[in-house]
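Worksheet: the structure to be examined is printed underneath.
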Amino acid sequence: MPDMKVEVPIEDDVLLKVDHLCQYFGPMKAVDDVSFTVKKGEVFGLVGESGCGKTTTGRSIIKLYDITSGSVYFKGVRVCAGKKSFYDAIREARKEFREKSRDASPEEKAALKAKMDAIIAEQQENIKKADYDNKNCDKEYIEKLRAAAEEKYRPLIDSAATAEEKARLTREYRNELRKASKTKLITKIQMIFQDPIASLDPRMTVREIISEGLLIQGEKDQKVIEQKVYEMLELVGLVREHASRYPHEFSGGQRQRIGVARSIIMNPDMIIADEPVSALDVSIQAQVINLLNDLREKFGLTILFIAHNLSVVKYFSDRIGVMYYGKLVELAPSDELFLNPLHPYTRSLLSAIPLPDPLYEKTRQRVTYNPLAEHDYSVDKPSLREVKPGHFVMCNQAEFDRYMAILK
Ligand SMILES: Nc1ncnc2c1ncn2[C@@H]1O[C@H](COP(=O)(O)OP(=O)(O)O)[C@@H](O)[C@H]1O
Ligand SMILES: [Mg+2]
């Protein structure tokens with residue numbers, strides 16, 4: 001069936017943009033200034049050891065936190081906006097004024113005050129915008145959808161050949177507008193969790209678990225719900241008879257399939273799969289990955305795939321971001337990352353991957369990453385720099401020069 005859906009066009013096909021995201025829990029900087037984009041239809045792997053901030057990144061994207069700083073854009077709409085950086089800028093401006101105006105002449109002081117006031121006004125505007133976007137992202141998206149529907153149907157209706165045609169198109173147009181007004185943008189991102197036991201309520205039947213999202217969305221027709229649940233079960237490789245059973249009656253792999261069904265029923269554009277196979281036997285892992293891959297092709301899904309080691313994401317991801325202690329330290333297309341890993345932490349992760357080659361395995365050396373020994377950031381601080389089109393590494397100037405020499 002051709003896709004007749006009304007869609008809001010997005011720039012450069014970027015479905016998700018994470019922009020200087022910070023999520024702090026008190027002094028713990030779980031995610032610290034992380035930026036990346038995920039293109040429509042892409043699998044983006046996010047990798048790093050336990051505790052480095054992967055889950056927090058995922059949970060921030062779906063608005064489970066009021067993020068500390070930065071922004072998240074989905075389908076071109078800012079869905080999350082943190083405010084700490086704005087408050088910091090105001091504090092900084094006040095401090096600068098205090099320090100510089102101490103020995104200043106009255107004229108200089110007036111100029112300094114004007115400068116401070118301008119900064120404060122600008123940041124207060126930013127804070128207001130952030131509050132607005134956090135609250136109104138659905139409204140903003142609905143407006144865009146309605147505009148897209150109008151753009152699509154207006155000319156069709158105006159140039160309809162017959163009265164019947166005109167009436168039919170008008171009905172379709174009204175229906176699109178009605179559907180648009182009910183859209184909840186963030187439900188278009190669904191998260192699949194690591195632990196298929198803890199993430200399924202043991203007192204709910206599989207039917208209740210899978211259909212929960214539909215009910216929340218306002219679906220009331222039991223027939224429609226039942227049909228959808230059966231459809232989802234079959235889609236993920238289970239059978240209708242499973243609908244009346246409880247999670248504990250299933251194996252780990254089957255439970256994860258239930259988790260997948262629960263998210264796919266929401267007709268998402270994007271799945272955040274948070275270590276979806278880490279808790280499963282190796283033999284089952286490939287099955288669940290294959291299922292995700294099939295669904296991705298079938299529905300044109302975009303996937304943010306979180307894992308703690310590189311072997312799982314290697315073949316599955318188009319691009320990979322490597323996280324270490326809340327920071328993104330390297331970002332590159334998969335092939336490039338495996339061919340030219342530059343950051344010492346990425347190299348250490350790679351050295352942990354066993355290969356089915358006995359000779360290689362005999363000589364494989366695990367490289368451990370010791371940041372204090374690797375980097376001297378006492379003077380020149382690191383930032384994420386592009387060493388090659390699409391390949392970014394967290395480094396300072398000296399490291400950048402060294403990486404460029406390696407790539408030559
Ligand atoms: N709700 C929370 N409150 C306080 N600290 C948290 C919270 N969630 C996560 N953290 C801390 O933030 C860091 C990153 O956690 P997490 O995102 O779960 O890492 P990962 O998914 O990569 O294992 C960890 O040190 C964790 O203890
Ligand atoms: Mg996690």
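Here's how to read the names in the structure tokens: chain A, B, ... by the order shown, residue numbers from 1 in each chain, ligand numbers from 1 in the order shown.
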
>> If you run DSSP on the backbone here, which positions in stretch 141-341 of chain A get helix (DSSP H, G or I)? Please write them as a ChimeraX atom specification.
In response: /A:141-158,163-181,185-188,206-216,222-235,240-244,247-249,252-264,282-299,310-313,334-339

> Which chains and residue numbers are within 10 Å of ligand 1, counting only C-alpha atoms and all ligand atoms, if I want them as a ChimeraX atom specification?
Replying inline: /A:23-31,46-60,65,194,274-275,306-308,323-326

If you keep N, CA and C atoms, can you produce a file of those selected residues as a tab-separated table (two decimals), in the first residue's frame?
chain	number	residue	atom	x	y	z
A	23	GLN	N	22.20	15.78	31.64
A	23	GLN	CA	21.26	15.33	32.66
A	23	GLN	C	22.07	15.05	33.92
A	24	TYR	N	21.92	15.94	34.89
A	24	TYR	CA	22.67	15.79	36.13
A	24	TYR	C	21.72	15.31	37.22
A	25	PHE	N	22.23	14.43	38.08
A	25	PHE	CA	21.50	14.08	39.30
A	25	PHE	C	22.33	14.62	40.44
A	26	GLY	N	22.02	15.82	40.91
A	26	GLY	CA	22.89	16.46	41.88
A	26	GLY	C	24.27	16.61	41.29
A	27	PRO	N	25.29	16.16	42.04
A	27	PRO	CA	26.66	16.31	41.52
A	27	PRO	C	26.99	15.28	40.42
A	28	MET	N	26.13	14.25	40.27
A	28	MET	CA	26.42	13.20	39.29
A	28	MET	C	26.02	13.65	37.89
A	29	LYS	N	27.04	13.85	37.04
A	29	LYS	CA	26.76	14.26	35.66
A	29	LYS	C	26.57	13.01	34.81
A	30	ALA	N	25.37	12.44	34.87
A	30	ALA	CA	25.09	11.17	34.19
A	30	ALA	C	25.24	11.31	32.68
A	31	VAL	N	24.78	12.43	32.15
A	31	VAL	CA	24.98	12.75	30.73
A	31	VAL	C	25.49	14.18	30.69
A	46	LEU	N	24.52	3.17	20.45
A	46	LEU	CA	25.11	3.97	21.53
A	46	LEU	C	25.75	2.97	22.49
A	47	VAL	N	27.08	3.09	22.62
A	47	VAL	CA	27.83	2.04	23.30
A	47	VAL	C	28.68	2.61	24.41
A	48	GLY	N	28.86	1.84	25.46
A	48	GLY	CA	29.75	2.25	26.55
A	48	GLY	C	29.48	1.38	27.76
A	49	GLU	N	30.45	1.38	28.68
A	49	GLU	CA	30.31	0.46	29.81
A	49	GLU	C	29.17	0.87	30.73
A	50	SER	N	28.80	-0.07	31.58
A	50	SER	CA	27.71	0.14	32.52
A	50	SER	C	27.93	1.41	33.35
A	51	GLY	N	26.91	2.24	33.46
A	51	GLY	CA	27.01	3.44	34.27
A	51	GLY	C	27.48	4.67	33.52
A	52	CYS	N	27.71	4.57	32.20
A	52	CYS	CA	28.27	5.71	31.46
A	52	CYS	C	27.19	6.69	31.01
A	53	GLY	N	25.90	6.34	31.20
A	53	GLY	CA	24.85	7.31	30.90
A	53	GLY	C	23.99	6.97	29.70
A	54	LYS	N	24.05	5.74	29.22
A	54	LYS	CA	23.27	5.37	28.03
A	54	LYS	C	21.76	5.39	28.31
A	55	THR	N	21.36	4.71	29.38
A	55	THR	CA	19.94	4.66	29.72
A	55	THR	C	19.41	6.06	30.02
A	56	THR	N	20.21	6.84	30.74
A	56	THR	CA	19.78	8.19	31.07
A	56	THR	C	19.57	9.02	29.80
A	57	THR	N	20.44	8.81	28.81
A	57	THR	CA	20.26	9.49	27.53
A	57	THR	C	18.90	9.11	26.92
A	58	GLY	N	18.62	7.80	26.89
A	58	GLY	CA	17.35	7.33	26.33
A	58	GLY	C	16.16	7.87	27.09
A	59	ARG	N	16.23	7.80	28.39
A	59	ARG	CA	15.10	8.26	29.22
A	59	ARG	C	14.91	9.78	29.11
A	60	SER	N	16.02	10.50	28.91
A	60	SER	CA	15.90	11.95	28.74
A	60	SER	C	15.16	12.26	27.44
A	65	TYR	N	12.66	12.81	32.22
A	65	TYR	CA	13.27	13.78	33.14
A	65	TYR	C	13.02	15.19	32.60
A	194	GLN	N	15.94	-3.18	28.92
A	194	GLN	CA	16.93	-4.24	29.07
A	194	GLN	C	16.35	-5.49	29.71
A	274	ASP	N	17.00	-0.33	24.65
A	274	ASP	CA	18.01	-0.18	25.69
A	274	ASP	C	18.53	-1.54	26.13
A	275	GLU	N	19.65	-1.94	25.58
A	275	GLU	CA	20.25	-3.25	25.84
A	275	GLU	C	19.20	-4.35	25.80
A	306	ILE	N	21.01	0.69	22.16
A	306	ILE	CA	21.97	0.88	23.24
A	306	ILE	C	22.58	-0.46	23.63
A	307	ALA	N	23.89	-0.48	23.80
A	307	ALA	CA	24.56	-1.73	24.19
A	307	ALA	C	25.80	-1.41	24.99
A	308	HIS	N	26.27	-2.38	25.80
A	308	HIS	CA	27.48	-2.09	26.56
A	308	HIS	C	28.72	-2.65	25.89
A	323	MET	N	30.22	6.21	24.38
A	323	MET	CA	30.12	7.06	25.56
A	323	MET	C	31.08	6.58	26.66
A	324	TYR	N	31.62	7.56	27.37
A	324	TYR	CA	32.46	7.23	28.52
A	324	TYR	C	32.18	8.27	29.61
A	325	TYR	N	31.73	7.81	30.76
A	325	TYR	CA	31.43	8.70	31.88
A	325	TYR	C	30.61	9.94	31.50
A	326	GLY	N	29.50	9.73	30.85
A	326	GLY	CA	28.60	10.84	30.56
A	326	GLY	C	28.94	11.63	29.30

> Can you list, as an MDAnalysis selection string, every protein, DNA or RNA residue that comes within 6 Å of A:Phe305 when you count only C-alpha atoms, leaving out same-chain residues fewer than 6 positions away?
Replying inline: chainID A and resid 44:45 273

>> When you look at A:Leu339 with a cut-off of 12 Å (counting only C-alpha atoms), what residues show up, excluding the ones that are within fewer than 3 positions of it in the same chain? I need them as an NGL selection string.
In response: :A and (314 or 332-336 or 342 or 346-347 or 350 or 391 or 406-407)

> Can you list, as a list in words, every residue of stretch 91-272 of chain A that DSSP puts in strand (DSSP E)?
Replying inline: Ile189, Gln190, Met191, Ile192, Met270, Ile271 and Ile272 of chain A

Output N, CA and C atoms for every residue in the selection just made, as a tab-separated table (two decimals), in the first residue's frame.
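Saved result, part_6.tsv, follows:
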chain	number	residue	atom	x	y	z
A	189	ILE	N	7.99	7.81	19.84
A	189	ILE	CA	9.24	7.16	20.24
A	189	ILE	C	8.88	6.14	21.32
A	190	GLN	N	9.20	4.90	21.11
A	190	GLN	CA	8.92	3.87	22.10
A	190	GLN	C	10.22	3.26	22.59
A	191	MET	N	10.24	2.94	23.87
A	191	MET	CA	11.47	2.39	24.44
A	191	MET	C	11.28	0.92	24.78
A	192	ILE	N	12.27	0.12	24.44
A	192	ILE	CA	12.29	-1.29	24.84
A	192	ILE	C	13.40	-1.44	25.88
A	270	MET	N	10.17	5.73	15.92
A	270	MET	CA	11.50	5.44	16.44
A	270	MET	C	11.41	4.52	17.64
A	271	ILE	N	12.37	3.60	17.73
A	271	ILE	CA	12.48	2.70	18.88
A	271	ILE	C	13.81	2.99	19.57
A	272	ILE	N	13.74	3.16	20.87
A	272	ILE	CA	14.98	3.19	21.64
A	272	ILE	C	15.09	1.84	22.32

>> Please compute the atom CA of A:Met404-atom CA of A:Val387 distance, one decimal, in Å.
In response: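 These two atoms are separated by 6.4 Å.
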
> If you count only C-alpha atoms, which residues fall within 6 Å of stretch 129-135 of chain A, apart from same-chain ones fewer than 3 positions away, as a list in words?
Replying inline: Val79, Cys80, Ala81 and Asn126 of chain A

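Across A:Glu399, A:Glu125, A:Asp195, A:Glu165, the tightest approach to ligand 2 is made by A:Asp195 when counting only C-alpha atoms and all ligand atoms.
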
>> Env of stretch 206-220 of chain A: 6 Å cut, atoms = only C-alpha atoms, seq-sep filter 2 positions within chain, self excluded. Answer as a count of residues only.
In response: 5

>> Residues within 10 Å of A:Leu235, please, as a PyMOL selection string. Count only C-alpha atoms; anything in the same chain fewer than 6 positions from it doesn't count.
In response: chain A and resi 229+257+260-261+264+291+294-295

> Nearest to A:Ala180 among A:Glu99, A:Asp376, A:Glu234, A:Glu140, with distances taken over only C-alpha atoms: which residue is it?
Replying inline: A:Glu140

>> Using only C-alpha atoms and all ligand atoms for the distances, tell me which of A:Pro247, A:Gly253, A:Pro371, A:Pro276 is nearest to ligand 2.
In response: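 Comparing A:Pro247, A:Gly253, A:Pro371, A:Pro276 against ligand 2, the winner is A:Pro276.
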
>> Rounded to one decimal, what separation in Å do you get between atom CA of A:Ala147 and atom CA of A:Asp13?
In response: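 Calculated distance between atom CA of A:Ala147 and atom CA of A:Asp13 is 18.8 Å.
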
> Taking into account only C-alpha atoms and all ligand atoms, which residue in the set A:Val239, A:Ala279, A:Leu21, A:Cys395 is nearest to ligand 2?
Replying inline: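 The closest residue to ligand 2 is A:Ala279.
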